[in-house]
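**Student:** So that you have it, the file is structure.pdb, and it contains PDB, C-alpha atoms, pLDDT in the B column:
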ATOM      1  CA  LYS L   1      70.593 -14.596  57.632  1.00 56.00           C
ATOM      2  CA  ALA L   2      69.121 -12.799  60.632  1.00 69.00           C
ATOM      3  CA  GLY L   3      65.424 -12.009  60.619  1.00 90.00           C
ATOM      4  CA  VAL L   4      63.632  -8.828  61.519  1.00 94.00           C
ATOM      5  CA  THR L   5      64.501  -7.666  65.009  1.00 96.00           C
ATOM      6  CA  GLN L   6      62.203  -5.510  67.071  1.00 97.00           C
ATOM      7  CA  THR L   7      63.105  -4.068  70.431  1.00 97.00           C
ATOM      8  CA  PRO L   8      61.936  -4.007  73.069  1.00 97.00           C
ATOM      9  CA  ARG L   9      59.542  -6.966  73.093  1.00 96.00           C
ATOM     10  CA  TYR L  10      57.424  -5.591  75.893  1.00 97.00           C
ATOM     11  CA  LEU L  11      56.803  -2.123  77.250  1.00 96.00           C
ATOM     12  CA  ILE L  12      54.610  -0.653  79.935  1.00 98.00           C
ATOM     13  CA  LYS L  13      54.125   3.101  79.844  1.00 98.00           C
ATOM     14  CA  THR L  14      51.934   5.624  81.589  1.00 98.00           C
ATOM     15  CA  ARG L  15      49.404   7.851  79.853  1.00 98.00           C
ATOM     16  CA  GLY L  16      51.008  11.034  78.629  1.00 98.00           C
ATOM     17  CA  GLN L  17      54.468   9.559  78.254  1.00 98.00           C
ATOM     18  CA  GLN L  18      56.209   8.996  74.953  1.00 98.00           C
ATOM     19  CA  VAL L  19      57.749   5.809  73.614  1.00 98.00           C
ATOM     20  CA  THR L  20      60.237   4.813  70.930  1.00 98.00           C
ATOM     21  CA  LEU L  21      60.238   1.407  69.278  1.00 98.00           C
ATOM     22  CA  SER L  22      63.034   0.040  67.123  1.00 98.00           C
ATOM     23  CA  CYS L  23      63.124  -2.246  64.103  1.00 97.00           C
ATOM     24  CA  SER L  24      66.137  -3.692  62.328  1.00 97.00           C
ATOM     25  CA  PRO L  25      65.194  -5.170  58.933  1.00 94.00           C
ATOM     26  CA  ILE L  26      66.698  -8.166  57.240  1.00 92.00           C
ATOM     27  CA  SER L  27      70.169  -7.420  55.924  1.00 91.00           C
ATOM     28  CA  GLY L  28      69.916  -5.928  52.452  1.00 87.00           C
ATOM     29  CA  HIS L  29      66.273  -4.902  52.809  1.00 88.00           C
ATOM     30  CA  ARG L  30      65.807  -1.177  52.470  1.00 88.00           C
ATOM     31  CA  SER L  31      62.088  -0.859  53.041  1.00 89.00           C
ATOM     32  CA  VAL L  32      60.425  -0.992  56.448  1.00 93.00           C
ATOM     33  CA  SER L  33      56.728  -0.796  57.248  1.00 94.00           C
ATOM     34  CA  TRP L  34      54.992  -0.455  60.605  1.00 97.00           C
ATOM     35  CA  TYR L  35      51.621  -1.834  61.688  1.00 97.00           C
ATOM     36  CA  GLN L  36      49.466  -1.598  64.778  1.00 98.00           C
ATOM     37  CA  GLN L  37      47.435  -4.608  65.853  1.00 97.00           C
ATOM     38  CA  THR L  38      44.587  -4.313  68.348  1.00 96.00           C
ATOM     39  CA  PRO L  39      41.676  -6.654  69.110  1.00 93.00           C
ATOM     40  CA  GLY L  40      39.177  -4.009  68.061  1.00 90.00           C
ATOM     41  CA  GLN L  41      40.753  -2.594  64.901  1.00 93.00           C
ATOM     42  CA  GLY L  42      42.835  -5.523  63.737  1.00 94.00           C
ATOM     43  CA  LEU L  43      46.008  -4.873  61.773  1.00 96.00           C
ATOM     44  CA  GLN L  44      46.385  -1.319  60.554  1.00 96.00           C
ATOM     45  CA  PHE L  45      49.151   0.225  58.477  1.00 95.00           C
ATOM     46  CA  LEU L  46      51.053   3.056  60.149  1.00 97.00           C
ATOM     47  CA  PHE L  47      53.782   4.086  57.705  1.00 93.00           C
ATOM     48  CA  GLU L  48      56.467   2.875  55.357  1.00 92.00           C
ATOM     49  CA  TYR L  49      60.050   3.999  54.883  1.00 92.00           C
ATOM     50  CA  PHE L  50      62.491   3.465  52.067  1.00 90.00           C
ATOM     51  CA  SER L  51      65.978   4.949  51.924  1.00 89.00           C
ATOM     52  CA  GLU L  52      65.293   7.166  54.932  1.00 93.00           C
ATOM     53  CA  THR L  53      62.176   8.660  53.314  1.00 92.00           C
ATOM     54  CA  GLN L  54      58.584   8.131  54.375  1.00 92.00           C
ATOM     55  CA  ARG L  55      56.813   6.838  51.282  1.00 89.00           C
ATOM     56  CA  ASN L  56      53.387   6.041  52.606  1.00 88.00           C
ATOM     57  CA  LYS L  57      51.372   6.885  55.699  1.00 92.00           C
ATOM     58  CA  GLY L  58      48.275   5.384  57.241  1.00 93.00           C
ATOM     59  CA  ASN L  59      45.414   7.154  58.935  1.00 94.00           C
ATOM     60  CA  PHE L  60      46.912   7.798  62.346  1.00 96.00           C
ATOM     61  CA  PRO L  61      47.226  11.038  64.318  1.00 96.00           C
ATOM     62  CA  GLY L  62      50.411  13.073  64.267  1.00 96.00           C
ATOM     63  CA  ARG L  63      51.393  11.631  67.650  1.00 97.00           C
ATOM     64  CA  PHE L  64      52.652   8.659  65.676  1.00 98.00           C
ATOM     65  CA  SER L  65      55.867   9.341  63.840  1.00 97.00           C
ATOM     66  CA  GLY L  66      58.808   7.438  62.506  1.00 97.00           C
ATOM     67  CA  ARG L  67      62.161   7.641  60.846  1.00 97.00           C
ATOM     68  CA  GLN L  68      64.678   5.471  59.087  1.00 97.00           C
ATOM     69  CA  PHE L  69      68.431   5.598  59.366  1.00 96.00           C
ATOM     70  CA  SER L  70      71.075   5.105  56.699  1.00 95.00           C
ATOM     71  CA  ASN L  71      71.551   1.485  57.779  1.00 93.00           C
ATOM     72  CA  SER L  72      67.798   0.903  57.157  1.00 93.00           C
ATOM     73  CA  ARG L  73      67.006   0.533  60.825  1.00 96.00           C
ATOM     74  CA  SER L  74      63.760   2.272  61.683  1.00 97.00           C
ATOM     75  CA  GLU L  75      62.216   3.749  64.771  1.00 98.00           C
ATOM     76  CA  MET L  76      58.679   4.751  65.504  1.00 98.00           C
ATOM     77  CA  ASN L  77      57.708   7.179  68.200  1.00 98.00           C
ATOM     78  CA  VAL L  78      54.389   7.722  69.908  1.00 98.00           C
ATOM     79  CA  SER L  79      54.030  10.876  71.947  1.00 96.00           C
ATOM     80  CA  THR L  80      51.455  11.694  74.599  1.00 97.00           C
ATOM     81  CA  LEU L  81      50.403   8.086  74.990  1.00 98.00           C
ATOM     82  CA  GLU L  82      46.741   7.224  75.368  1.00 98.00           C
ATOM     83  CA  LEU L  83      45.186   4.058  76.740  1.00 97.00           C
ATOM     84  CA  GLY L  84      44.016   3.211  73.226  1.00 96.00           C
ATOM     85  CA  ASP L  85      47.605   3.044  72.020  1.00 98.00           C
ATOM     86  CA  SER L  86      47.994  -0.255  73.831  1.00 98.00           C
ATOM     87  CA  ALA L  87      48.684  -2.697  71.029  1.00 98.00           C
ATOM     88  CA  LEU L  88      51.107  -5.025  69.356  1.00 97.00           C
ATOM     89  CA  TYR L  89      53.324  -2.991  67.028  1.00 98.00           C
ATOM     90  CA  LEU L  90      54.738  -4.973  64.151  1.00 97.00           C
ATOM     91  CA  CYS L  91      57.503  -4.042  61.786  1.00 96.00           C
ATOM     92  CA  ALA L  92      57.825  -5.554  58.309  1.00 94.00           C
ATOM     93  CA  SER L  93      60.976  -5.786  56.228  1.00 91.00           C
ATOM     94  CA  ASN L  94      60.294  -5.771  52.508  1.00 84.00           C
ATOM     95  CA  GLY L  95      62.414  -7.547  49.965  1.00 74.00           C
ATOM     96  CA  GLN L  96      63.479  -6.130  46.646  1.00 67.00           C
ATOM     97  CA  GLU L  97      61.021  -8.170  44.647  1.00 66.00           C
ATOM     98  CA  ASN L  98      58.176  -7.102  46.915  1.00 61.00           C
ATOM     99  CA  THR L  99      56.847 -10.622  46.904  1.00 69.00           C
ATOM    100  CA  GLU L 100      57.768 -11.055  50.528  1.00 75.00           C
ATOM    101  CA  ALA L 101      57.158  -9.019  53.623  1.00 85.00           C
ATOM    102  CA  PHE L 102      58.779 -10.484  56.705  1.00 91.00           C
ATOM    103  CA  PHE L 103      57.644  -9.384  60.102  1.00 93.00           C
ATOM    104  CA  GLY L 104      59.438  -9.135  63.392  1.00 94.00           C
ATOM    105  CA  GLN L 105      58.097 -10.584  66.618  1.00 93.00           C
ATOM    106  CA  GLY L 106      56.530  -7.278  67.540  1.00 95.00           C
ATOM    107  CA  THR L 107      56.601  -4.944  70.496  1.00 97.00           C
ATOM    108  CA  ARG L 108      53.698  -5.298  72.869  1.00 97.00           C
ATOM    109  CA  LEU L 109      52.958  -1.869  74.334  1.00 98.00           C
ATOM    110  CA  THR L 110      50.702  -1.477  77.341  1.00 98.00           C
ATOM    111  CA  VAL L 111      49.618   1.995  78.374  1.00 98.00           C
ATOM    112  CA  VAL L 112      48.324   2.310  81.942  1.00 97.00           C
TER     113      VAL L 112
ATOM    114  CA  ALA H   1      33.499  -1.970  51.413  1.00 65.00           C
ATOM    115  CA  GLN H   2      36.039  -4.245  53.015  1.00 76.00           C
ATOM    116  CA  LYS H   3      39.102  -4.752  50.868  1.00 93.00           C
ATOM    117  CA  ILE H   4      39.897  -8.143  52.392  1.00 97.00           C
ATOM    118  CA  THR H   5      37.164 -10.390  53.725  1.00 97.00           C
ATOM    119  CA  GLN H   6      37.748 -13.518  55.748  1.00 97.00           C
ATOM    120  CA  THR H   7      34.358 -14.975  56.595  1.00 96.00           C
ATOM    121  CA  GLN H   8      35.500 -17.755  58.928  1.00 96.00           C
ATOM    122  CA  PRO H   9      36.256 -16.384  62.391  1.00 95.00           C
ATOM    123  CA  GLY H  10      37.192 -19.846  63.626  1.00 96.00           C
ATOM    124  CA  MET H  11      37.691 -23.349  62.303  1.00 96.00           C
ATOM    125  CA  PHE H  12      38.267 -26.719  63.920  1.00 97.00           C
ATOM    126  CA  VAL H  13      39.966 -29.390  61.821  1.00 97.00           C
ATOM    127  CA  GLN H  14      41.058 -32.920  62.570  1.00 97.00           C
ATOM    128  CA  GLU H  15      44.786 -33.534  62.445  1.00 97.00           C
ATOM    129  CA  LYS H  16      46.061 -34.782  59.064  1.00 97.00           C
ATOM    130  CA  GLU H  17      43.032 -33.444  57.210  1.00 97.00           C
ATOM    131  CA  ALA H  18      43.312 -30.717  54.592  1.00 97.00           C
ATOM    132  CA  VAL H  19      41.845 -27.311  55.384  1.00 97.00           C
ATOM    133  CA  THR H  20      40.803 -24.376  53.233  1.00 98.00           C
ATOM    134  CA  LEU H  21      40.780 -20.855  54.641  1.00 98.00           C
ATOM    135  CA  ASP H  22      38.685 -18.432  52.647  1.00 98.00           C
ATOM    136  CA  CYS H  23      39.723 -14.973  51.496  1.00 98.00           C
ATOM    137  CA  THR H  24      38.023 -12.622  49.077  1.00 98.00           C
ATOM    138  CA  TYR H  25      39.380  -9.249  48.079  1.00 97.00           C
ATOM    139  CA  ASP H  26      38.206  -6.078  46.443  1.00 96.00           C
ATOM    140  CA  THR H  27      40.384  -3.861  44.288  1.00 94.00           C
ATOM    141  CA  SER H  28      40.139  -1.954  41.048  1.00 92.00           C
ATOM    142  CA  ASP H  29      43.878  -2.223  40.417  1.00 90.00           C
ATOM    143  CA  GLN H  30      45.068  -4.635  37.741  1.00 91.00           C
ATOM    144  CA  SER H  31      48.359  -5.187  39.521  1.00 89.00           C
ATOM    145  CA  TYR H  32      48.256  -6.388  43.103  1.00 92.00           C
ATOM    146  CA  GLY H  33      49.701  -9.008  45.396  1.00 92.00           C
ATOM    147  CA  LEU H  34      48.078 -11.349  47.863  1.00 95.00           C
ATOM    148  CA  PHE H  35      49.772 -12.668  50.982  1.00 95.00           C
ATOM    149  CA  TRP H  36      48.945 -15.165  53.687  1.00 97.00           C
ATOM    150  CA  TYR H  37      50.398 -15.001  57.178  1.00 97.00           C
ATOM    151  CA  LYS H  38      50.250 -17.235  60.229  1.00 97.00           C
ATOM    152  CA  GLN H  39      50.248 -15.663  63.675  1.00 96.00           C
ATOM    153  CA  PRO H  40      50.791 -18.025  66.618  1.00 95.00           C
ATOM    154  CA  SER H  41      49.992 -16.917  70.137  1.00 92.00           C
ATOM    155  CA  SER H  42      53.523 -15.503  70.441  1.00 89.00           C
ATOM    156  CA  GLY H  43      52.454 -12.686  68.130  1.00 90.00           C
ATOM    157  CA  GLU H  44      54.980 -13.008  65.334  1.00 90.00           C
ATOM    158  CA  MET H  45      53.543 -12.792  61.805  1.00 93.00           C
ATOM    159  CA  ILE H  46      54.975 -15.644  59.769  1.00 94.00           C
ATOM    160  CA  PHE H  47      54.940 -15.232  55.995  1.00 92.00           C
ATOM    161  CA  LEU H  48      53.447 -18.294  54.290  1.00 95.00           C
ATOM    162  CA  ILE H  49      52.785 -17.635  50.626  1.00 94.00           C
ATOM    163  CA  TYR H  50      52.467 -14.941  47.958  1.00 92.00           C
ATOM    164  CA  GLN H  51      50.428 -14.690  44.760  1.00 94.00           C
ATOM    165  CA  GLY H  52      50.840 -11.933  42.219  1.00 92.00           C
ATOM    166  CA  SER H  53      47.843 -10.831  40.192  1.00 93.00           C
ATOM    167  CA  TYR H  54      49.604 -11.677  36.942  1.00 92.00           C
ATOM    168  CA  ASP H  55      50.855 -15.058  38.088  1.00 91.00           C
ATOM    169  CA  GLU H  56      49.198 -17.712  35.961  1.00 89.00           C
ATOM    170  CA  GLN H  57      50.017 -20.591  38.266  1.00 94.00           C
ATOM    171  CA  ASN H  58      48.678 -20.978  41.766  1.00 95.00           C
ATOM    172  CA  ALA H  59      51.426 -20.430  44.310  1.00 95.00           C
ATOM    173  CA  THR H  60      52.642 -23.369  46.392  1.00 96.00           C
ATOM    174  CA  GLU H  61      55.041 -23.536  49.332  1.00 94.00           C
ATOM    175  CA  GLY H  62      55.400 -26.946  50.872  1.00 96.00           C
ATOM    176  CA  ARG H  63      52.087 -27.890  52.499  1.00 97.00           C
ATOM    177  CA  TYR H  64      50.610 -24.484  51.623  1.00 97.00           C
ATOM    178  CA  SER H  65      48.952 -23.650  48.347  1.00 97.00           C
ATOM    179  CA  LEU H  66      46.919 -20.688  47.252  1.00 97.00           C
ATOM    180  CA  ASN H  67      43.779 -21.291  45.247  1.00 97.00           C
ATOM    181  CA  PHE H  68      43.703 -18.101  43.183  1.00 97.00           C
ATOM    182  CA  GLN H  69      40.468 -17.395  41.295  1.00 96.00           C
ATOM    183  CA  LYS H  70      40.944 -13.979  39.800  1.00 95.00           C
ATOM    184  CA  ALA H  71      37.500 -13.559  38.283  1.00 95.00           C
ATOM    185  CA  ARG H  72      35.897 -14.324  41.618  1.00 96.00           C
ATOM    186  CA  LYS H  73      38.488 -12.215  43.491  1.00 96.00           C
ATOM    187  CA  SER H  74      39.220 -15.141  45.708  1.00 97.00           C
ATOM    188  CA  ALA H  75      42.552 -16.255  47.205  1.00 98.00           C
ATOM    189  CA  ASN H  76      41.939 -19.189  49.484  1.00 98.00           C
ATOM    190  CA  LEU H  77      44.752 -20.817  51.435  1.00 98.00           C
ATOM    191  CA  VAL H  78      44.875 -24.597  51.398  1.00 98.00           C
ATOM    192  CA  ILE H  79      46.880 -26.440  54.038  1.00 98.00           C
ATOM    193  CA  SER H  80      47.387 -30.100  53.275  1.00 95.00           C
ATOM    194  CA  ALA H  81      47.846 -32.755  55.945  1.00 95.00           C
ATOM    195  CA  SER H  82      47.283 -30.396  58.879  1.00 96.00           C
ATOM    196  CA  GLN H  83      49.473 -30.670  61.961  1.00 97.00           C
ATOM    197  CA  LEU H  84      48.967 -29.635  65.575  1.00 97.00           C
ATOM    198  CA  GLY H  85      51.515 -26.867  65.050  1.00 96.00           C
ATOM    199  CA  ASP H  86      49.245 -25.309  62.438  1.00 97.00           C
ATOM    200  CA  SER H  87      46.928 -24.055  65.190  1.00 97.00           C
ATOM    201  CA  ALA H  88      47.135 -20.250  64.949  1.00 98.00           C
ATOM    202  CA  MET H  89      45.485 -17.151  63.518  1.00 98.00           C
ATOM    203  CA  TYR H  90      45.733 -16.862  59.748  1.00 98.00           C
ATOM    204  CA  PHE H  91      45.571 -13.551  57.942  1.00 98.00           C
ATOM    205  CA  CYS H  92      45.044 -12.782  54.301  1.00 98.00           C
ATOM    206  CA  ALA H  93      46.529  -9.494  53.083  1.00 96.00           C
ATOM    207  CA  MET H  94      46.688  -7.495  49.876  1.00 95.00           C
ATOM    208  CA  ARG H  95      49.087  -4.998  48.391  1.00 91.00           C
ATOM    209  CA  GLU H  96      47.377  -2.850  45.779  1.00 88.00           C
ATOM    210  CA  GLY H  97      49.303  -1.518  42.836  1.00 77.00           C
ATOM    211  CA  PRO H  98      52.513  -2.657  41.205  1.00 71.00           C
ATOM    212  CA  SER H  99      55.355  -4.203  43.123  1.00 65.00           C
ATOM    213  CA  ASN H 100      57.781  -1.332  43.404  1.00 63.00           C
ATOM    214  CA  PHE H 101      59.128   0.494  46.360  1.00 55.00           C
ATOM    215  CA  GLY H 102      56.908   3.113  47.859  1.00 57.00           C
ATOM    216  CA  ASN H 103      54.002   0.754  47.735  1.00 68.00           C
ATOM    217  CA  GLU H 104      54.499  -1.714  50.521  1.00 77.00           C
ATOM    218  CA  LYS H 105      51.247  -1.087  52.368  1.00 87.00           C
ATOM    219  CA  LEU H 106      49.380  -4.259  53.175  1.00 92.00           C
ATOM    220  CA  THR H 107      45.691  -4.335  53.972  1.00 95.00           C
ATOM    221  CA  PHE H 108      44.754  -7.238  56.210  1.00 96.00           C
ATOM    222  CA  GLY H 109      41.606  -9.221  56.763  1.00 97.00           C
ATOM    223  CA  THR H 110      40.223  -9.916  60.215  1.00 96.00           C
ATOM    224  CA  GLY H 111      41.765 -13.361  60.336  1.00 97.00           C
ATOM    225  CA  THR H 112      40.662 -16.944  60.915  1.00 98.00           C
ATOM    226  CA  ARG H 113      41.557 -18.810  64.079  1.00 98.00           C
ATOM    227  CA  LEU H 114      42.435 -22.365  63.109  1.00 98.00           C
ATOM    228  CA  THR H 115      42.476 -25.091  65.733  1.00 98.00           C
ATOM    229  CA  ILE H 116      43.804 -28.524  64.859  1.00 97.00           C
ATOM    230  CA  ILE H 117      42.251 -31.329  66.888  1.00 97.00           C
ATOM    231  CA  PRO H 118      44.369 -34.412  67.685  1.00 95.00           C
TER     232      PRO H 118
END
What would you get if you wrote out this structure as structure tokens?
**Tutor:**
Amino acid sequence: KAGVTQTPRYLIKTRGQQVTLSCSPISGHRSVSWYQQTPGQGLQFLFEYFSETQRNKGNFPGRFSGRQFSNSRSEMNVSTLELGDSALYLCASNGQENTEAFFGQGTRLTVV
Amino acid sequence: AQKITQTQPGMFVQEKEAVTLDCTYDTSDQSYGLFWYKQPSSGEMIFLIYQGSYDEQNATEGRYSLNFQKARKSANLVISASQLGDSAMYFCAMREGPSNFGNEKLTFGTGTRLTIIP
């Protein structure tokens, strides 16, 4: 059974640009959550999707958005990138019993 | 107040010894879940163990066990017979509320960096 796949693994973008990150959950998992990890703020919840609907949202500006497709794959988009958006972005695939949350390897975004 | 507190920024442990990583939590919900993750330098978050608030037995997964003390709001991770490959960051996390969809948000602690010494 394949794990959670995040693409790309690494990204370098310039301030002001926008970026799209992708996450494919474990087969059969319908819920996907996104997190941002930085040295200063630690791991912070961005948003959660289930059946193409955003169910929960963290305390991030509107520049951060996401969506989920019918095959449960999810994308997150960050517009007008700032230096502070440099982080490891992690996607979690949540099982039906909600006793497991499996993460992908993350996308390391660097904004220059 | 912090919802998840990990008071040990770093720990050094001799190989083959057991190690306990501390985690205390704060919630007013009766139903919640507690998770432990390992994050090696590669960045991937590796799920280790889960404990539900209504679980009467402490969770165990191989060399990992969770010492759950509900009254003290404590969920310490115990690693038995530590190995060099256990060197990593360890995070405690909590999901507040019942385990149904629409409630997957995890709140993480600041982590403990564990180093196993040969």
**Student:** Considering all atoms listed in the file, state which residue in the set L:Tyr89, L:Pro25, L:Leu43, L:Thr38 is at the smallest distance from Phe91 (chain H).
**Tutor:**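 Answer, going by the shortest atom-to-atom distance: L:Leu43.
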**Student:** Between CA of Ala59 (chain H) and CA of Cys23 (chain L), what is the distance in Å, rounded to a tenth?
**Tutor:**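 These two atoms are separated by 29.3 Å.
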**Student:** Only residues of chain H matter here; which ones have an atom within 12 Å of chain L, counting all atoms listed in the file? Give them as number ranges by chain.
**Tutor:** H: 4, 32-53, 55, 59, 89, 91-112
**Student:** I need the residue set behind the PyMOL selection byres ((chain H and resi 8) around 8) for this file; please write it as a list in words.
**Tutor:**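 What the PyMOL selection byres ((chain H and resi 8) around 8) grabs from the file is Gln6, Thr7, Pro9, Gly10, Met11, Leu21, Asp22, Gly111 and Thr112 of chain H.
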**Student:** When you draw a straight line from CA of Ser28 (chain H) to CA of Asn67 (chain H), how long is it in Å?
**Tutor:**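 That distance, rounded to one decimal, is 20.1 Å.
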**Student:** Could you state the separation of CA of Ser70 (chain L) and CA of Val19 (chain L) in Å, given to one decimal place?
**Tutor:**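 Distance between the two atoms: 21.5 Å.
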**Student:** Please write the residues picked by the PyMOL selection byres ((chain H and resi 83) around 10) on this file as a short mmCIF file (atom, residue, chain, number, x, y, z; two decimals) with C-alpha atoms, keeping the file's coordinate frame.
**Tutor:**
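Okay, this is what ended up in expr.cif:
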data_model
loop_
_atom_site.label_atom_id
_atom_site.label_comp_id
_atom_site.auth_asym_id
_atom_site.auth_seq_id
_atom_site.Cartn_x
_atom_site.Cartn_y
_atom_site.Cartn_z
CA VAL H 13 39.97 -29.39 61.82
CA GLN H 14 41.06 -32.92 62.57
CA GLU H 15 44.79 -33.53 62.44
CA LYS H 16 46.06 -34.78 59.06
CA GLU H 17 43.03 -33.44 57.21
CA ALA H 18 43.31 -30.72 54.59
CA ILE H 79 46.88 -26.44 54.04
CA SER H 80 47.39 -30.10 53.28
CA ALA H 81 47.85 -32.76 55.94
CA SER H 82 47.28 -30.40 58.88
CA LEU H 84 48.97 -29.64 65.58
CA GLY H 85 51.52 -26.87 65.05
CA ASP H 86 49.24 -25.31 62.44
CA SER H 87 46.93 -24.06 65.19
CA THR H 115 42.48 -25.09 65.73
CA ILE H 116 43.80 -28.52 64.86
CA ILE H 117 42.25 -31.33 66.89
CA PRO H 118 44.37 -34.41 67.68
#
**Student:** Restricting the calculation to all atoms listed in the file, which member of L:Arg15, L:His29, L:Arg67, L:Arg9 is positioned closest to Val111 (chain L)?
**Tutor:**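 The answer is L:Arg15, which sits nearest to Val111 (chain L).
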**Student:** Please evaluate the PyMOL selection byres ((chain L and resi 63) around 9) against the displayed coordinates and give the resulting residues as a list in words.
**Tutor:** Phe60, Pro61, Gly62, Phe64, Ser65, Asn77, Val78, Ser79, Thr80 and Leu81 of chain L
